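Enquirer: The structure follows.
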Amino acid sequence: MEFELTASMMCADYGSLEREVKNLEEGGIDSFHIDIMDGRYVPNFAMSLNDLRYIARATEKPMDIHLMIEHPNNRIGLFLDSLRKGDTVYIHPEAEYHPSATLQSIINAGMVPGIAVNPGTSVETVMEMLRIVKKVLVMSVNPGNAGQMFLPYVGKKITKLLALKEDMDFEIYWDGACSADKILEFAPKGVRGFVLGTTLLFGKGRPYGETLQDIRELKF
């Protein structure tokens, strides 16, 4: 069974970031997930524009940018200019007055448009945007911090999105508290990719390649 694995780089060791990127790349990671937080939309500050630029230069793997910031359209050019065509940019619809305009800017720059859906955001409120985006990042925890507990009701939201994805032409990705049992349950149902953080990938005291191989060899 094919599914994508992306590394949540806010969980990486910043004392040796170059080695982290190289080890993840050699270990077989599919892409690098960059969480940008402004301390306003979420109660935390995370990765910076310079972090994004450094990692983008350090790898040829795709970049997966998650903008947890207020009014991303005000500064969207800064992020788009730091990426390569074909990279993914997610925004939170609640963070923007006119999210469809921001998504169009992402499309015009040759990037893959996506929305991130918080645990408290219903599918019904983002229905029209599902016709615009190519990826939907489902947050299984409240955004802003690593290491949170999974919110079980998110599974029902994924079921709703799975019923819509073929007709509306988007893929579903999982972000937050991603454990092996979640991949075993939701990959066969049609979830395309999983963001890996401290639950499964980082801080385990073993080579990333071994962990990633174990995930890809899960018995479905």
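Chain identifiers are assigned as A, B, and so on, following the order in which chains appear in the structure tokens; residues are numbered from 1 within each chain, and ligands are numbered from 1 in order of appearance.
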I want to know what sits within 8 Å of Met63 of chain A, based on only C-alpha atoms, with residues of the same chain fewer than 4 positions away left out; could you give that as a ChimeraX atom specification?
Expert: /A:31-34,56,83,87-88
Enquirer: I need the residues in segment 16-67 of chain A that are strand (DSSP E) according to DSSP; give them as a ChimeraX atom specification.
Expert: /A:31-37,63-67
Enquirer: Where does DSSP see helix (DSSP H, G or I) in segment 24-64 of chain A, if you list the residues as a list in words?
Expert: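 Residues of segment 24-64 of chain A classed as helix (DSSP H, G or I): Leu24, Glu25, Glu26, Gly27, Leu49, Asn50, Asp51, Leu52, Arg53, Tyr54, Ile55, Ala56, Arg57 and Ala58 of chain A.
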Enquirer: I need the residues from that last selection saved to file as a PDB file, in the first residue's frame (with N, CA, C and O atoms), if you can.
Expert:
```
ATOM      1  N   LEU A  24      17.168  12.264   7.348  1.00  0.00           N
ATOM      2  CA  LEU A  24      15.780  12.018   6.964  1.00  0.00           C
ATOM      3  C   LEU A  24      15.679  11.718   5.470  1.00  0.00           C
ATOM      4  O   LEU A  24      14.952  10.809   5.046  1.00  0.00           O
ATOM      5  N   GLU A  25      16.410  12.487   4.684  1.00  0.00           N
ATOM      6  CA  GLU A  25      16.404  12.292   3.239  1.00  0.00           C
ATOM      7  C   GLU A  25      16.934  10.900   2.896  1.00  0.00           C
ATOM      8  O   GLU A  25      16.318  10.159   2.128  1.00  0.00           O
ATOM      9  N   GLU A  26      18.067  10.537   3.478  1.00  0.00           N
ATOM     10  CA  GLU A  26      18.656   9.216   3.217  1.00  0.00           C
ATOM     11  C   GLU A  26      17.784   8.091   3.773  1.00  0.00           C
ATOM     12  O   GLU A  26      17.789   6.975   3.241  1.00  0.00           O
ATOM     13  N   GLY A  27      17.028   8.400   4.832  1.00  0.00           N
ATOM     14  CA  GLY A  27      16.150   7.393   5.429  1.00  0.00           C
ATOM     15  C   GLY A  27      14.894   7.126   4.633  1.00  0.00           C
ATOM     16  O   GLY A  27      14.170   6.176   4.925  1.00  0.00           O
ATOM     17  N   LEU A  49      10.858  32.053   8.606  1.00  0.00           N
ATOM     18  CA  LEU A  49      11.098  32.100   7.172  1.00  0.00           C
ATOM     19  C   LEU A  49      12.519  31.640   6.845  1.00  0.00           C
ATOM     20  O   LEU A  49      12.747  30.953   5.840  1.00  0.00           O
ATOM     21  N   ASN A  50      13.474  31.969   7.702  1.00  0.00           N
ATOM     22  CA  ASN A  50      14.851  31.541   7.473  1.00  0.00           C
ATOM     23  C   ASN A  50      15.007  30.023   7.619  1.00  0.00           C
ATOM     24  O   ASN A  50      15.791  29.399   6.894  1.00  0.00           O
ATOM     25  N   ASP A  51      14.276  29.423   8.570  1.00  0.00           N
ATOM     26  CA  ASP A  51      14.283  27.962   8.687  1.00  0.00           C
ATOM     27  C   ASP A  51      13.776  27.332   7.394  1.00  0.00           C
ATOM     28  O   ASP A  51      14.358  26.367   6.880  1.00  0.00           O
ATOM     29  N   LEU A  52      12.671  27.864   6.892  1.00  0.00           N
ATOM     30  CA  LEU A  52      12.102  27.374   5.643  1.00  0.00           C
ATOM     31  C   LEU A  52      13.112  27.469   4.504  1.00  0.00           C
ATOM     32  O   LEU A  52      13.322  26.501   3.760  1.00  0.00           O
ATOM     33  N   ARG A  53      13.741  28.619   4.377  1.00  0.00           N
ATOM     34  CA  ARG A  53      14.694  28.816   3.290  1.00  0.00           C
ATOM     35  C   ARG A  53      15.888  27.881   3.407  1.00  0.00           C
ATOM     36  O   ARG A  53      16.368  27.342   2.404  1.00  0.00           O
ATOM     37  N   TYR A  54      16.366  27.669   4.622  1.00  0.00           N
ATOM     38  CA  TYR A  54      17.519  26.796   4.813  1.00  0.00           C
ATOM     39  C   TYR A  54      17.190  25.365   4.398  1.00  0.00           C
ATOM     40  O   TYR A  54      17.942  24.727   3.660  1.00  0.00           O
ATOM     41  N   ILE A  55      16.069  24.850   4.885  1.00  0.00           N
ATOM     42  CA  ILE A  55      15.706  23.468   4.579  1.00  0.00           C
ATOM     43  C   ILE A  55      15.417  23.299   3.094  1.00  0.00           C
ATOM     44  O   ILE A  55      15.798  22.295   2.475  1.00  0.00           O
ATOM     45  N   ALA A  56      14.789  24.298   2.483  1.00  0.00           N
ATOM     46  CA  ALA A  56      14.507  24.229   1.044  1.00  0.00           C
ATOM     47  C   ALA A  56      15.791  24.154   0.229  1.00  0.00           C
ATOM     48  O   ALA A  56      15.835  23.498  -0.823  1.00  0.00           O
ATOM     49  N   ARG A  57      16.847  24.831   0.708  1.00  0.00           N
ATOM     50  CA  ARG A  57      18.139  24.781  -0.001  1.00  0.00           C
ATOM     51  C   ARG A  57      18.885  23.481   0.266  1.00  0.00           C
ATOM     52  O   ARG A  57      19.696  23.054  -0.550  1.00  0.00           O
ATOM     53  N   ALA A  58      18.608  22.865   1.413  1.00  0.00           N
ATOM     54  CA  ALA A  58      19.381  21.697   1.843  1.00  0.00           C
ATOM     55  C   ALA A  58      18.887  20.385   1.254  1.00  0.00           C
ATOM     56  O   ALA A  58      19.539  19.360   1.399  1.00  0.00           O
TER      57      ALA A  58
END
```
Enquirer: Residues near segment 113-120 of chain A, anyone? I mean within 9 Å using only C-alpha atoms, not counting same-chain ones fewer than 2 positions away, as an mmCIF file with all heavy atoms, in the first residue's frame.
Expert:
```cif
data_model
loop_
_atom_site.group_PDB
_atom_site.id
_atom_site.type_symbol
_atom_site.label_atom_id
_atom_site.label_comp_id
_atom_site.auth_asym_id
_atom_site.auth_seq_id
_atom_site.Cartn_x
_atom_site.Cartn_y
_atom_site.Cartn_z
ATOM 1 N N HIS A 66 3.012 24.689 6.210
ATOM 2 C CA HIS A 66 1.772 24.821 6.963
ATOM 3 C C HIS A 66 1.775 26.187 7.648
ATOM 4 O O HIS A 66 2.484 26.388 8.638
ATOM 5 C CB HIS A 66 1.691 23.684 7.982
ATOM 6 C CG HIS A 66 0.447 23.677 8.806
ATOM 7 N ND1 HIS A 66 0.258 22.807 9.853
ATOM 8 C CD2 HIS A 66 -0.678 24.437 8.744
ATOM 9 C CE1 HIS A 66 -0.923 23.024 10.399
ATOM 10 N NE2 HIS A 66 -1.509 24.017 9.753
ATOM 11 N N LEU A 67 0.997 27.112 7.111
ATOM 12 C CA LEU A 67 0.979 28.483 7.620
ATOM 13 C C LEU A 67 -0.080 28.628 8.708
ATOM 14 O O LEU A 67 -1.272 28.739 8.430
ATOM 15 C CB LEU A 67 0.708 29.473 6.484
ATOM 16 C CG LEU A 67 1.759 29.528 5.376
ATOM 17 C CD1 LEU A 67 1.355 30.539 4.314
ATOM 18 C CD2 LEU A 67 3.139 29.876 5.950
ATOM 19 N N MET A 68 0.364 28.617 9.944
ATOM 20 C CA MET A 68 -0.517 28.859 11.091
ATOM 21 C C MET A 68 -0.343 30.313 11.512
ATOM 22 O O MET A 68 0.187 30.620 12.585
ATOM 23 C CB MET A 68 -0.182 27.891 12.231
ATOM 24 C CG MET A 68 -0.664 26.487 11.967
ATOM 25 S SD MET A 68 -0.206 25.310 13.279
ATOM 26 C CE MET A 68 1.357 24.732 12.629
ATOM 27 N N ASP A 87 5.794 22.650 -4.725
ATOM 28 C CA ASP A 87 5.708 22.521 -3.275
ATOM 29 C C ASP A 87 4.281 22.820 -2.816
ATOM 30 O O ASP A 87 3.502 23.462 -3.535
ATOM 31 C CB ASP A 87 6.690 23.469 -2.587
ATOM 32 C CG ASP A 87 8.140 23.030 -2.744
ATOM 33 O OD1 ASP A 87 8.378 21.836 -2.981
ATOM 34 O OD2 ASP A 87 9.030 23.889 -2.626
ATOM 35 N N THR A 88 3.957 22.379 -1.613
ATOM 36 C CA THR A 88 2.601 22.537 -1.079
ATOM 37 C C THR A 88 2.546 23.645 -0.043
ATOM 38 O O THR A 88 3.454 23.783 0.781
ATOM 39 C CB THR A 88 2.132 21.216 -0.428
ATOM 40 O OG1 THR A 88 2.103 20.191 -1.420
ATOM 41 C CG2 THR A 88 0.751 21.363 0.185
ATOM 42 N N VAL A 89 1.480 24.440 -0.087
ATOM 43 C CA VAL A 89 1.247 25.476 0.919
ATOM 44 C C VAL A 89 -0.171 25.316 1.462
ATOM 45 O O VAL A 89 -1.144 25.384 0.709
ATOM 46 C CB VAL A 89 1.437 26.893 0.351
ATOM 47 C CG1 VAL A 89 1.193 27.933 1.449
ATOM 48 C CG2 VAL A 89 2.818 27.059 -0.261
ATOM 49 N N TYR A 90 -0.259 25.099 2.787
ATOM 50 C CA TYR A 90 -1.551 25.010 3.466
ATOM 51 C C TYR A 90 -1.839 26.315 4.205
ATOM 52 O O TYR A 90 -0.949 26.868 4.855
ATOM 53 C CB TYR A 90 -1.542 23.900 4.516
ATOM 54 C CG TYR A 90 -1.395 22.501 4.009
ATOM 55 C CD1 TYR A 90 -0.167 21.837 4.107
ATOM 56 C CD2 TYR A 90 -2.479 21.803 3.473
ATOM 57 C CE1 TYR A 90 -0.023 20.526 3.671
ATOM 58 C CE2 TYR A 90 -2.343 20.494 3.037
ATOM 59 C CZ TYR A 90 -1.111 19.861 3.140
ATOM 60 O OH TYR A 90 -0.965 18.560 2.719
ATOM 61 N N ILE A 91 -3.078 26.759 4.150
ATOM 62 C CA ILE A 91 -3.532 27.865 4.985
ATOM 63 C C ILE A 91 -4.716 27.384 5.816
ATOM 64 O O ILE A 91 -5.352 26.368 5.490
ATOM 65 C CB ILE A 91 -3.946 29.104 4.170
ATOM 66 C CG1 ILE A 91 -5.184 28.791 3.308
ATOM 67 C CG2 ILE A 91 -2.786 29.602 3.316
ATOM 68 C CD1 ILE A 91 -5.849 30.013 2.710
ATOM 69 N N HIS A 92 -5.011 28.108 6.897
ATOM 70 C CA HIS A 92 -6.212 27.851 7.689
ATOM 71 C C HIS A 92 -7.295 28.820 7.229
ATOM 72 O O HIS A 92 -7.088 30.045 7.284
ATOM 73 C CB HIS A 92 -5.933 28.052 9.177
ATOM 74 C CG HIS A 92 -5.178 26.931 9.797
ATOM 75 N ND1 HIS A 92 -5.793 25.915 10.504
ATOM 76 C CD2 HIS A 92 -3.848 26.638 9.797
ATOM 77 C CE1 HIS A 92 -4.883 25.061 10.931
ATOM 78 N NE2 HIS A 92 -3.691 25.465 10.510
ATOM 79 N N PRO A 93 -8.429 28.331 6.753
ATOM 80 C CA PRO A 93 -9.472 29.228 6.253
ATOM 81 C C PRO A 93 -9.906 30.288 7.252
ATOM 82 O O PRO A 93 -10.199 31.433 6.878
ATOM 83 C CB PRO A 93 -10.623 28.269 5.922
ATOM 84 C CG PRO A 93 -9.960 26.965 5.643
ATOM 85 C CD PRO A 93 -8.790 26.909 6.572
ATOM 86 N N LEU A 103 -5.591 31.224 -1.744
ATOM 87 C CA LEU A 103 -5.375 29.972 -2.463
ATOM 88 C C LEU A 103 -5.073 30.228 -3.934
ATOM 89 O O LEU A 103 -4.231 29.547 -4.534
ATOM 90 C CB LEU A 103 -6.596 29.061 -2.316
ATOM 91 C CG LEU A 103 -6.847 28.516 -0.909
ATOM 92 C CD1 LEU A 103 -8.224 27.866 -0.815
ATOM 93 C CD2 LEU A 103 -5.768 27.519 -0.513
ATOM 94 N N GLN A 104 -5.720 31.218 -4.513
ATOM 95 C CA GLN A 104 -5.444 31.539 -5.913
ATOM 96 C C GLN A 104 -4.024 32.056 -6.097
ATOM 97 O O GLN A 104 -3.369 31.757 -7.102
ATOM 98 C CB GLN A 104 -6.457 32.564 -6.434
ATOM 99 C CG GLN A 104 -6.397 32.756 -7.943
ATOM 100 C CD GLN A 104 -6.690 31.471 -8.707
ATOM 101 O OE1 GLN A 104 -7.716 30.826 -8.478
ATOM 102 N NE2 GLN A 104 -5.782 31.085 -9.609
ATOM 103 N N SER A 105 -3.530 32.820 -5.122
ATOM 104 C CA SER A 105 -2.140 33.280 -5.184
ATOM 105 C C SER A 105 -1.178 32.091 -5.161
ATOM 106 O O SER A 105 -0.155 32.088 -5.862
ATOM 107 C CB SER A 105 -1.840 34.207 -4.004
ATOM 108 O OG SER A 105 -2.611 35.380 -4.058
ATOM 109 N N ILE A 106 -1.493 31.096 -4.364
ATOM 110 C CA ILE A 106 -0.668 29.887 -4.287
ATOM 111 C C ILE A 106 -0.690 29.145 -5.627
ATOM 112 O O ILE A 106 0.350 28.717 -6.138
ATOM 113 C CB ILE A 106 -1.164 28.988 -3.141
ATOM 114 C CG1 ILE A 106 -0.948 29.684 -1.792
ATOM 115 C CG2 ILE A 106 -0.460 27.626 -3.163
ATOM 116 C CD1 ILE A 106 -1.664 29.019 -0.628
ATOM 117 N N ILE A 107 -1.870 29.034 -6.213
ATOM 118 C CA ILE A 107 -2.008 28.376 -7.518
ATOM 119 C C ILE A 107 -1.238 29.134 -8.589
ATOM 120 O O ILE A 107 -0.514 28.543 -9.406
ATOM 121 C CB ILE A 107 -3.495 28.263 -7.901
ATOM 122 C CG1 ILE A 107 -4.220 27.320 -6.931
ATOM 123 C CG2 ILE A 107 -3.647 27.782 -9.342
ATOM 124 C CD1 ILE A 107 -5.729 27.371 -7.041
ATOM 125 N N MET A 111 2.333 26.503 -7.060
ATOM 126 C CA MET A 111 2.378 25.636 -5.887
ATOM 127 C C MET A 111 1.080 24.830 -5.776
ATOM 128 O O MET A 111 0.087 25.133 -6.431
ATOM 129 C CB MET A 111 2.566 26.457 -4.599
ATOM 130 C CG MET A 111 3.691 27.468 -4.652
ATOM 131 S SD MET A 111 5.298 26.718 -4.929
ATOM 132 C CE MET A 111 6.313 28.190 -5.157
ATOM 133 N N SER A 122 -15.792 22.392 11.016
ATOM 134 C CA SER A 122 -16.608 21.369 10.367
ATOM 135 C C SER A 122 -16.317 21.315 8.872
ATOM 136 O O SER A 122 -15.890 22.300 8.258
ATOM 137 C CB SER A 122 -18.096 21.662 10.584
ATOM 138 O OG SER A 122 -18.483 22.825 9.880
ATOM 139 N N VAL A 123 -16.554 20.165 8.295
ATOM 140 C CA VAL A 123 -16.378 19.999 6.848
ATOM 141 C C VAL A 123 -17.304 20.946 6.097
ATOM 142 O O VAL A 123 -16.940 21.518 5.064
ATOM 143 C CB VAL A 123 -16.661 18.533 6.449
ATOM 144 C CG1 VAL A 123 -16.680 18.377 4.931
ATOM 145 C CG2 VAL A 123 -15.628 17.606 7.079
ATOM 146 N N VAL A 126 -16.046 24.455 5.087
ATOM 147 C CA VAL A 126 -14.970 24.586 4.090
ATOM 148 C C VAL A 126 -15.359 23.939 2.769
ATOM 149 O O VAL A 126 -14.521 23.769 1.882
ATOM 150 C CB VAL A 126 -13.646 23.975 4.607
ATOM 151 C CG1 VAL A 126 -13.184 24.691 5.864
ATOM 152 C CG2 VAL A 126 -13.772 22.472 4.854
ATOM 153 N N MET A 129 -14.278 25.504 -0.587
ATOM 154 C CA MET A 129 -12.830 25.493 -0.807
ATOM 155 C C MET A 129 -12.317 24.116 -1.216
ATOM 156 O O MET A 129 -11.259 23.988 -1.827
ATOM 157 C CB MET A 129 -12.110 26.003 0.438
ATOM 158 C CG MET A 129 -12.028 27.513 0.475
ATOM 159 S SD MET A 129 -11.437 28.115 2.064
ATOM 160 C CE MET A 129 -12.911 27.939 3.050
ATOM 161 N N LEU A 130 -13.083 23.072 -0.904
ATOM 162 C CA LEU A 130 -12.681 21.733 -1.311
ATOM 163 C C LEU A 130 -12.651 21.595 -2.831
ATOM 164 O O LEU A 130 -11.990 20.708 -3.370
ATOM 165 C CB LEU A 130 -13.629 20.684 -0.711
ATOM 166 C CG LEU A 130 -13.646 20.586 0.815
ATOM 167 C CD1 LEU A 130 -14.661 19.544 1.269
ATOM 168 C CD2 LEU A 130 -12.264 20.254 1.359
ATOM 169 N N ILE A 132 -11.392 23.906 -4.715
ATOM 170 C CA ILE A 132 -10.233 24.679 -5.164
ATOM 171 C C ILE A 132 -8.935 23.958 -4.843
ATOM 172 O O ILE A 132 -8.006 23.944 -5.643
ATOM 173 C CB ILE A 132 -10.221 26.067 -4.483
ATOM 174 C CG1 ILE A 132 -11.513 26.821 -4.764
ATOM 175 C CG2 ILE A 132 -9.004 26.875 -4.933
ATOM 176 C CD1 ILE A 132 -11.641 28.108 -3.971
ATOM 177 N N VAL A 133 -8.872 23.356 -3.658
ATOM 178 C CA VAL A 133 -7.603 22.822 -3.161
ATOM 179 C C VAL A 133 -7.313 21.437 -3.737
ATOM 180 O O VAL A 133 -8.200 20.749 -4.243
ATOM 181 C CB VAL A 133 -7.594 22.752 -1.621
ATOM 182 C CG1 VAL A 133 -7.818 24.135 -1.032
ATOM 183 C CG2 VAL A 133 -8.638 21.770 -1.097
ATOM 184 N N LYS A 134 -6.048 21.047 -3.629
ATOM 185 C CA LYS A 134 -5.625 19.701 -4.014
ATOM 186 C C LYS A 134 -5.305 18.838 -2.801
ATOM 187 O O LYS A 134 -5.225 17.610 -2.919
ATOM 188 C CB LYS A 134 -4.395 19.782 -4.919
ATOM 189 C CG LYS A 134 -4.694 20.379 -6.287
ATOM 190 C CD LYS A 134 -5.712 19.543 -7.050
ATOM 191 C CE LYS A 134 -6.035 20.109 -8.411
ATOM 192 N NZ LYS A 134 -7.102 19.323 -9.090
ATOM 193 N N LYS A 135 -5.105 19.487 -1.641
ATOM 194 C CA LYS A 135 -4.790 18.748 -0.431
ATOM 195 C C LYS A 135 -5.563 19.324 0.753
ATOM 196 O O LYS A 135 -5.722 20.547 0.850
ATOM 197 C CB LYS A 135 -3.289 18.798 -0.122
ATOM 198 C CG LYS A 135 -2.409 18.092 -1.154
ATOM 199 C CD LYS A 135 -0.943 18.130 -0.734
ATOM 200 C CE LYS A 135 -0.057 17.388 -1.726
ATOM 201 N NZ LYS A 135 1.368 17.397 -1.293
ATOM 202 N N VAL A 136 -6.003 18.427 1.637
ATOM 203 C CA VAL A 136 -6.653 18.829 2.878
ATOM 204 C C VAL A 136 -5.872 18.200 4.030
ATOM 205 O O VAL A 136 -5.756 16.969 4.116
ATOM 206 C CB VAL A 136 -8.122 18.377 2.930
ATOM 207 C CG1 VAL A 136 -8.737 18.732 4.287
ATOM 208 C CG2 VAL A 136 -8.915 19.016 1.794
ATOM 209 N N LEU A 137 -5.313 19.054 4.882
ATOM 210 C CA LEU A 137 -4.546 18.611 6.041
ATOM 211 C C LEU A 137 -5.474 18.582 7.243
ATOM 212 O O LEU A 137 -5.890 19.624 7.742
ATOM 213 C CB LEU A 137 -3.375 19.570 6.284
ATOM 214 C CG LEU A 137 -2.371 19.184 7.370
ATOM 215 C CD1 LEU A 137 -1.534 17.986 6.912
ATOM 216 C CD2 LEU A 137 -1.460 20.371 7.696
ATOM 217 N N VAL A 138 -5.814 17.400 7.700
ATOM 218 C CA VAL A 138 -6.739 17.263 8.826
ATOM 219 C C VAL A 138 -5.949 17.253 10.122
ATOM 220 O O VAL A 138 -5.104 16.385 10.349
ATOM 221 C CB VAL A 138 -7.567 15.969 8.697
ATOM 222 C CG1 VAL A 138 -8.517 15.846 9.888
ATOM 223 C CG2 VAL A 138 -8.352 15.963 7.393
ATOM 224 N N MET A 139 -6.223 18.234 10.970
ATOM 225 C CA MET A 139 -5.554 18.337 12.257
ATOM 226 C C MET A 139 -6.275 17.431 13.249
ATOM 227 O O MET A 139 -7.453 17.623 13.541
ATOM 228 C CB MET A 139 -5.579 19.780 12.763
ATOM 229 C CG MET A 139 -4.960 20.804 11.816
ATOM 230 S SD MET A 139 -3.217 20.505 11.521
ATOM 231 C CE MET A 139 -2.553 20.708 13.185
ATOM 232 N N SER A 140 -5.554 16.433 13.767
ATOM 233 C CA SER A 140 -6.157 15.542 14.764
ATOM 234 C C SER A 140 -5.905 16.034 16.182
ATOM 235 O O SER A 140 -6.341 15.416 17.154
ATOM 236 C CB SER A 140 -5.597 14.123 14.611
ATOM 237 O OG SER A 140 -4.246 14.073 14.998
ATOM 238 N N VAL A 141 -5.199 17.156 16.297
ATOM 239 C CA VAL A 141 -4.974 17.855 17.564
ATOM 240 C C VAL A 141 -5.179 19.338 17.308
ATOM 241 O O VAL A 141 -5.162 19.792 16.162
ATOM 242 C CB VAL A 141 -3.547 17.604 18.112
ATOM 243 C CG1 VAL A 141 -3.297 16.119 18.347
ATOM 244 C CG2 VAL A 141 -2.491 18.183 17.175
ATOM 245 N N ASN A 142 -5.355 20.114 18.363
ATOM 246 C CA ASN A 142 -5.429 21.559 18.183
ATOM 247 C C ASN A 142 -4.057 22.078 17.766
ATOM 248 O O ASN A 142 -3.037 21.670 18.324
ATOM 249 C CB ASN A 142 -5.893 22.235 19.472
ATOM 250 C CG ASN A 142 -7.353 21.965 19.752
ATOM 251 O OD1 ASN A 142 -8.207 22.132 18.887
ATOM 252 N ND2 ASN A 142 -7.663 21.510 20.956
ATOM 253 N N PRO A 143 -3.988 22.960 16.777
ATOM 254 C CA PRO A 143 -2.699 23.389 16.243
ATOM 255 C C PRO A 143 -1.919 24.259 17.218
ATOM 256 O O PRO A 143 -2.494 24.962 18.039
ATOM 257 C CB PRO A 143 -3.096 24.183 14.994
ATOM 258 C CG PRO A 143 -4.445 24.723 15.310
ATOM 259 C CD PRO A 143 -5.114 23.645 16.130
ATOM 260 N N LEU A 151 -7.535 13.631 19.224
ATOM 261 C CA LEU A 151 -8.934 13.905 19.517
ATOM 262 C C LEU A 151 -9.790 12.935 18.705
ATOM 263 O O LEU A 151 -9.872 13.052 17.479
ATOM 264 C CB LEU A 151 -9.265 15.359 19.157
ATOM 265 C CG LEU A 151 -8.478 16.408 19.960
ATOM 266 C CD1 LEU A 151 -8.704 17.801 19.393
ATOM 267 C CD2 LEU A 151 -8.872 16.361 21.434
ATOM 268 N N TYR A 153 -12.867 12.340 17.864
ATOM 269 C CA TYR A 153 -13.961 12.700 16.958
ATOM 270 C C TYR A 153 -13.475 13.130 15.583
ATOM 271 O O TYR A 153 -14.261 13.238 14.638
ATOM 272 C CB TYR A 153 -14.842 13.788 17.574
ATOM 273 C CG TYR A 153 -14.135 15.078 17.917
ATOM 274 C CD1 TYR A 153 -13.923 16.051 16.945
ATOM 275 C CD2 TYR A 153 -13.716 15.337 19.218
ATOM 276 C CE1 TYR A 153 -13.295 17.251 17.270
ATOM 277 C CE2 TYR A 153 -13.083 16.518 19.541
ATOM 278 C CZ TYR A 153 -12.878 17.477 18.559
ATOM 279 O OH TYR A 153 -12.242 18.655 18.881
ATOM 280 N N VAL A 154 -12.171 13.376 15.444
ATOM 281 C CA VAL A 154 -11.631 13.762 14.144
ATOM 282 C C VAL A 154 -11.804 12.629 13.129
ATOM 283 O O VAL A 154 -11.919 12.866 11.927
ATOM 284 C CB VAL A 154 -10.144 14.164 14.276
ATOM 285 C CG1 VAL A 154 -9.512 14.401 12.917
ATOM 286 C CG2 VAL A 154 -10.027 15.421 15.131
ATOM 287 N N LYS A 157 -14.721 13.123 10.955
ATOM 288 C CA LYS A 157 -14.495 14.168 9.952
ATOM 289 C C LYS A 157 -13.773 13.595 8.737
ATOM 290 O O LYS A 157 -14.096 13.906 7.582
ATOM 291 C CB LYS A 157 -13.690 15.304 10.570
ATOM 292 C CG LYS A 157 -13.429 16.463 9.616
ATOM 293 C CD LYS A 157 -12.593 17.526 10.273
ATOM 294 C CE LYS A 157 -13.280 18.077 11.496
ATOM 295 N NZ LYS A 157 -12.490 19.124 12.159
ATOM 296 N N PHE A 170 -9.394 16.036 -4.380
ATOM 297 C CA PHE A 170 -8.363 16.421 -3.416
ATOM 298 C C PHE A 170 -7.882 15.176 -2.685
ATOM 299 O O PHE A 170 -8.543 14.132 -2.703
ATOM 300 C CB PHE A 170 -8.881 17.473 -2.421
ATOM 301 C CG PHE A 170 -10.026 17.008 -1.554
ATOM 302 C CD1 PHE A 170 -9.807 16.279 -0.386
ATOM 303 C CD2 PHE A 170 -11.342 17.305 -1.899
ATOM 304 C CE1 PHE A 170 -10.859 15.851 0.413
ATOM 305 C CE2 PHE A 170 -12.405 16.874 -1.112
ATOM 306 C CZ PHE A 170 -12.165 16.143 0.050
#
```
Enquirer: Quick one: distance from atom CA of Gly193 of chain A to atom CA of Leu5 of chain A in Å, one decimal?
Expert: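 Calculated distance between atom CA of Gly193 of chain A and atom CA of Leu5 of chain A is 5.7 Å.
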Enquirer: For Lys182 of chain A, work out the shell of residues within 10 Å, counting only C-alpha atoms and skipping chain neighbours fewer than 4 positions away, then give it as an mmCIF file with C-alpha atoms, in the first residue's frame.
Expert:
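part02.cif written:
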```cif
data_model
loop_
_atom_site.group_PDB
_atom_site.id
_atom_site.type_symbol
_atom_site.label_atom_id
_atom_site.label_comp_id
_atom_site.auth_asym_id
_atom_site.auth_seq_id
_atom_site.Cartn_x
_atom_site.Cartn_y
_atom_site.Cartn_z
ATOM 1 C CA PHE A 150 -5.338 12.638 19.583
ATOM 2 C CA GLY A 155 -12.030 10.257 12.682
ATOM 3 C CA TRP A 174 -3.115 13.539 8.627
ATOM 4 C CA ALA A 177 -0.395 12.530 17.178
ATOM 5 C CA CYS A 178 0.269 10.216 14.244
ATOM 6 C CA PHE A 186 -6.676 5.302 7.879
ATOM 7 C CA ALA A 187 -4.227 4.556 5.053
ATOM 8 C CA PHE A 194 0.880 11.369 7.347
#
```
Enquirer: Which distance in Å separates atom CA of Leu17 of chain A and atom CA of Thr59 of chain A, to one decimal?
Expert: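 Interatomic distance here is 11.7 Å.
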Enquirer: Excluding same-chain residues fewer than 4 positions from segment 161-167 of chain A, what lies within 8 Å of it counting only C-alpha atoms, as an MDAnalysis selection string?
Expert: chainID A and resid 123 157 171:172 189:191
Enquirer: List the spatial neighbours of Phe220 of chain A as an NGL selection string - criterion: any atom at most 10 Å away, only C-alpha atoms, same-chain residues fewer than 2 positions off excluded.
Expert: :A and (1 or 183-185 or 187-188 or 217-218)
Enquirer: Quick one, how far is atom CA of Gln213 of chain A from atom CA of Ile36 of chain A?
Expert: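 Between atom CA of Gln213 of chain A and atom CA of Ile36 of chain A the gap is 28.0 Å.
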Enquirer: Any idea what's packed within 7 Å of segment 196-206 of chain A, counting only C-alpha atoms, ignoring anything in its chain fewer than 6 positions away? Could you give it as a ChimeraX atom specification?
Expert: /A:5-8,11-12,147,177-179
